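Data first, discussion second: the structure below is written as structure tokens.
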Amino acid sequence: YGALTSRYISFSSPPPISSPFNYSPKFVSHDINENSKEVWKAINNGGYVYLCGGASAFAQSCQNSLREMFKQYGNLDSKGADDYLLSLI
């Protein structure tokens, strides 16, 4: 089967004042960019990446980050990156 080897949790809004959690707002696409080598390795080795969020700006920014990662680590051109992304959806 497999094991969860890493996870990244991103919140684009600051925590409520009453929250016991202290974190800085960060977008999911920023986590993809910062950890692109590990994300690429997971995807390329048959792993799964789960993204949760809104379907508008969130989805577009994540898709852009994934495309750039595919071009960098997969040595793909723009069309190849688009095709690879579509194969994962």
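Chain labels run A, B, ... following the order of the structure tokens; each chain numbers its residues from 1, and ligands are numbered from 1 in the order shown.
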
So that I can see what lies close to A:Ser36, please list as number ranges by chain the residues with an atom at most 9 Å from it, counting only C-alpha atoms and leaving out residues fewer than 2 positions away in the same chain. A: 31-34, 38-41, 65-66, 69, 73

Just write the chosen residues, N, CA and C atoms, as a PDB file, in the first residue's frame.
ATOM      1  N   ASP A  31       3.559  26.544  -1.166  1.00  0.00           N
ATOM      2  CA  ASP A  31       4.096  25.272  -0.644  1.00  0.00           C
ATOM      3  C   ASP A  31       4.533  24.360  -1.788  1.00  0.00           C
ATOM      4  N   ILE A  32       3.764  24.339  -2.875  1.00  0.00           N
ATOM      5  CA  ILE A  32       4.157  23.532  -4.031  1.00  0.00           C
ATOM      6  C   ILE A  32       5.497  24.026  -4.568  1.00  0.00           C
ATOM      7  N   ASN A  33       5.628  25.343  -4.712  1.00  0.00           N
ATOM      8  CA  ASN A  33       6.874  25.914  -5.227  1.00  0.00           C
ATOM      9  C   ASN A  33       8.055  25.634  -4.305  1.00  0.00           C
ATOM     10  N   GLU A  34       7.857  25.807  -3.008  1.00  0.00           N
ATOM     11  CA  GLU A  34       8.949  25.628  -2.047  1.00  0.00           C
ATOM     12  C   GLU A  34       9.369  24.166  -1.905  1.00  0.00           C
ATOM     13  N   GLU A  38      10.370  17.594  -3.897  1.00  0.00           N
ATOM     14  CA  GLU A  38       9.746  16.488  -3.172  1.00  0.00           C
ATOM     15  C   GLU A  38       8.378  16.135  -3.763  1.00  0.00           C
ATOM     16  N   VAL A  39       7.610  17.146  -4.134  1.00  0.00           N
ATOM     17  CA  VAL A  39       6.296  16.902  -4.745  1.00  0.00           C
ATOM     18  C   VAL A  39       6.469  16.172  -6.072  1.00  0.00           C
ATOM     19  N   TRP A  40       7.431  16.624  -6.887  1.00  0.00           N
ATOM     20  CA  TRP A  40       7.698  15.958  -8.165  1.00  0.00           C
ATOM     21  C   TRP A  40       8.093  14.509  -7.940  1.00  0.00           C
ATOM     22  N   LYS A  41       8.971  14.275  -7.000  1.00  0.00           N
ATOM     23  CA  LYS A  41       9.429  12.908  -6.719  1.00  0.00           C
ATOM     24  C   LYS A  41       8.250  12.020  -6.329  1.00  0.00           C
ATOM     25  N   SER A  65       1.658  26.345 -10.671  1.00  0.00           N
ATOM     26  CA  SER A  65       2.817  25.856  -9.923  1.00  0.00           C
ATOM     27  C   SER A  65       3.184  24.440 -10.349  1.00  0.00           C
ATOM     28  N   LEU A  66       2.178  23.596 -10.526  1.00  0.00           N
ATOM     29  CA  LEU A  66       2.434  22.225 -10.963  1.00  0.00           C
ATOM     30  C   LEU A  66       3.027  22.194 -12.371  1.00  0.00           C
ATOM     31  N   MET A  69       6.630  23.093 -12.228  1.00  0.00           N
ATOM     32  CA  MET A  69       7.375  21.982 -11.637  1.00  0.00           C
ATOM     33  C   MET A  69       7.584  20.882 -12.669  1.00  0.00           C
ATOM     34  N   TYR A  73      11.374  19.711 -13.591  1.00  0.00           N
ATOM     35  CA  TYR A  73      11.879  18.390 -13.206  1.00  0.00           C
ATOM     36  C   TYR A  73      11.579  17.301 -14.235  1.00  0.00           C
TER      37      TYR A  73
END

Proximity to A:Cys52 - best of A:Leu4, A:Val28, A:Leu86, A:Leu76, only C-alpha atoms: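 Ranking A:Leu4, A:Val28, A:Leu86, A:Leu76 by distance to A:Cys52, first place goes to A:Val28.
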
Give me the residues near stretch 14-27 of chain A as a list of chain:residue names, where near means some atom within 10 Å (using only C-alpha atoms) and where sequence neighbours in that chain fewer than 5 positions away do not count.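 Close residues of stretch 14-27 of chain A: A:Ile9, A:Ile32, A:Phe58, A:Ser61, A:Cys62.
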
Could you write out the selected residues, including all heavy atoms, as a PDB file, in the first residue's frame?
ATOM      1  N   ILE A   9       0.447  21.916   5.173  1.00  0.00           N
ATOM      2  CA  ILE A   9      -0.851  22.523   5.446  1.00  0.00           C
ATOM      3  C   ILE A   9      -0.698  24.020   5.268  1.00  0.00           C
ATOM      4  O   ILE A   9       0.162  24.645   5.888  1.00  0.00           O
ATOM      5  CB  ILE A   9      -1.341  22.186   6.865  1.00  0.00           C
ATOM      6  CG1 ILE A   9      -1.456  20.662   7.021  1.00  0.00           C
ATOM      7  CG2 ILE A   9      -2.665  22.872   7.150  1.00  0.00           C
ATOM      8  CD1 ILE A   9      -1.749  20.200   8.419  1.00  0.00           C
ATOM      9  N   ILE A  32       3.764  24.339  -2.875  1.00  0.00           N
ATOM     10  CA  ILE A  32       4.157  23.532  -4.031  1.00  0.00           C
ATOM     11  C   ILE A  32       5.497  24.026  -4.568  1.00  0.00           C
ATOM     12  O   ILE A  32       6.407  23.238  -4.828  1.00  0.00           O
ATOM     13  CB  ILE A  32       3.082  23.571  -5.139  1.00  0.00           C
ATOM     14  CG1 ILE A  32       1.799  22.872  -4.672  1.00  0.00           C
ATOM     15  CG2 ILE A  32       3.604  22.927  -6.427  1.00  0.00           C
ATOM     16  CD1 ILE A  32       0.611  23.062  -5.599  1.00  0.00           C
ATOM     17  N   PHE A  58      -7.511  29.712  -6.523  1.00  0.00           N
ATOM     18  CA  PHE A  58      -6.737  28.632  -5.893  1.00  0.00           C
ATOM     19  C   PHE A  58      -6.332  27.589  -6.920  1.00  0.00           C
ATOM     20  O   PHE A  58      -5.169  27.248  -7.058  1.00  0.00           O
ATOM     21  CB  PHE A  58      -7.566  27.977  -4.781  1.00  0.00           C
ATOM     22  CG  PHE A  58      -7.025  26.646  -4.325  1.00  0.00           C
ATOM     23  CD1 PHE A  58      -5.993  26.594  -3.408  1.00  0.00           C
ATOM     24  CD2 PHE A  58      -7.533  25.460  -4.825  1.00  0.00           C
ATOM     25  CE1 PHE A  58      -5.481  25.370  -2.983  1.00  0.00           C
ATOM     26  CE2 PHE A  58      -7.029  24.240  -4.414  1.00  0.00           C
ATOM     27  CZ  PHE A  58      -5.998  24.201  -3.486  1.00  0.00           C
ATOM     28  N   SER A  61      -3.776  28.945  -9.572  1.00  0.00           N
ATOM     29  CA  SER A  61      -2.412  29.150  -9.064  1.00  0.00           C
ATOM     30  C   SER A  61      -1.724  27.813  -8.795  1.00  0.00           C
ATOM     31  O   SER A  61      -0.527  27.661  -9.060  1.00  0.00           O
ATOM     32  CB  SER A  61      -2.410  30.033  -7.816  1.00  0.00           C
ATOM     33  OG  SER A  61      -3.054  29.397  -6.741  1.00  0.00           O
ATOM     34  N   CYS A  62      -2.460  26.835  -8.312  1.00  0.00           N
ATOM     35  CA  CYS A  62      -1.877  25.504  -8.073  1.00  0.00           C
ATOM     36  C   CYS A  62      -1.522  24.829  -9.389  1.00  0.00           C
ATOM     37  O   CYS A  62      -0.457  24.213  -9.510  1.00  0.00           O
ATOM     38  CB  CYS A  62      -2.832  24.629  -7.269  1.00  0.00           C
ATOM     39  SG  CYS A  62      -2.985  25.145  -5.560  1.00  0.00           S
TER      40      CYS A  62
END

As JSON, numbers by chain, please: all residues of chain A that backbone DSSP puts in helix (DSSP H, G or I). {"A": [28, 29, 30, 31, 32, 33, 34, 36, 37, 38, 39, 40, 41, 42, 43, 44, 57, 58, 59, 60, 61, 62, 63, 64, 65, 66, 67, 68, 69, 70, 71, 72, 73, 74, 78, 79, 80, 81, 82, 83, 84, 85, 86, 87, 88]}

Identify which of the residues A:Ala57, A:Ser29, A:Gly46, A:Lys79 lies closest to A:Ser10, counting only C-alpha atoms when measuring atom-to-atom distances. A:Ser29

Computed interatomic separation between atom CA of A:Asn75 and atom CA of A:Val49 (Å): 20.1 Å

Would you work out the distance separating atom CA of A:Tyr84 from atom CA of A:Gly47, expressed in Å to one decimal? 14.4 Å

With distances taken over only C-alpha atoms, the candidate from A:Ile43, A:Ser13, A:His30, A:Arg7 nearest A:Gly74 is A:Ile43

Looking at A:Gly54, A:Gln63, A:Asn45, A:Gln72, which one is nearest to A:Leu85, with distances taken over only C-alpha atoms?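 Looking only at the distances to A:Leu85, the closest residue turns out to be A:Gln63.
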
Atomic separation - atom CA of A:Leu88 relative to atom CA of A:Glu68, Å: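 One can read the atom CA of A:Glu68 to atom CA of A:Leu88 distance as 15.0 Å.
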